[in-house]
Amino acid sequence: MASGTKTAAAPGYEQARDELIEVVRRLEAGGTTLEESLALWERGEELAKVCRHWLEGARARLDASLAAEREEEEDGEDGEE
């Protein structure tokens with residue numbers, strides 16, 4: 001996980017996503033004080049960053065894999081002629 005996070009061990013994607021869903025549910029339900037709502041909002045922002053980080057990493061890995069696959073295909077086509 002990125003070194004800029006506030007916690008030593010950042011949650012995995014699924015854990016962060018599930019907690020974010022719960023935070024949103026609680027905010028939408030209302031009934032919390034302003035201070036509680038602000039704390040929930042801040043936690044939601046942190047969790048959204050964690051999820052975004054995981055998704056960007058997955059996207060980069062997928063792009064690299066696809067690029068390597070295309071390169072192998074191009075190399076294979078060059079050798080066949």
# chains A, B, ... in the order shown; residues from 1 in each chain; ligands from 1

$ residues_around --residues "Val23 of chain A" --least-positions-apart "6" --cutoff "9 Å" --atoms "only C-alpha atoms" --output "ChimeraX atom specification"
/A:40-41,43-44

$ select_by_dssp --residues "chain A" --states "alpha helix (DSSP H)" --output "PyMOL selection string"
chain A and resi 13-29+34-80

$ atom_distance --atom1 "atom CA of Glu71 of chain A" --atom2 "atom CA of His53 of chain A"
26.9 Å

$ residues_around --residues "Ile21 of chain A" --least-positions-apart "2" --cutoff "12 Å" --atoms "only C-alpha atoms" --output "list in words"
Glu14, Gln15, Ala16, Arg17, Asp18, Glu19, Val23, Val24, Arg25, Arg26, Leu27, Glu28, Leu40, Trp41, Arg43, Gly44, Glu45, Leu47, Ala48 and Cys51 of chain A

$ atom_distance --atom1 "atom CA of Tyr13 of chain A" --atom2 "atom CA of Val50 of chain A"
7.1 Å

$ atom_distance --atom1 "atom CA of Arg70 of chain A" --atom2 "atom CA of Trp54 of chain A"
24.3 Å
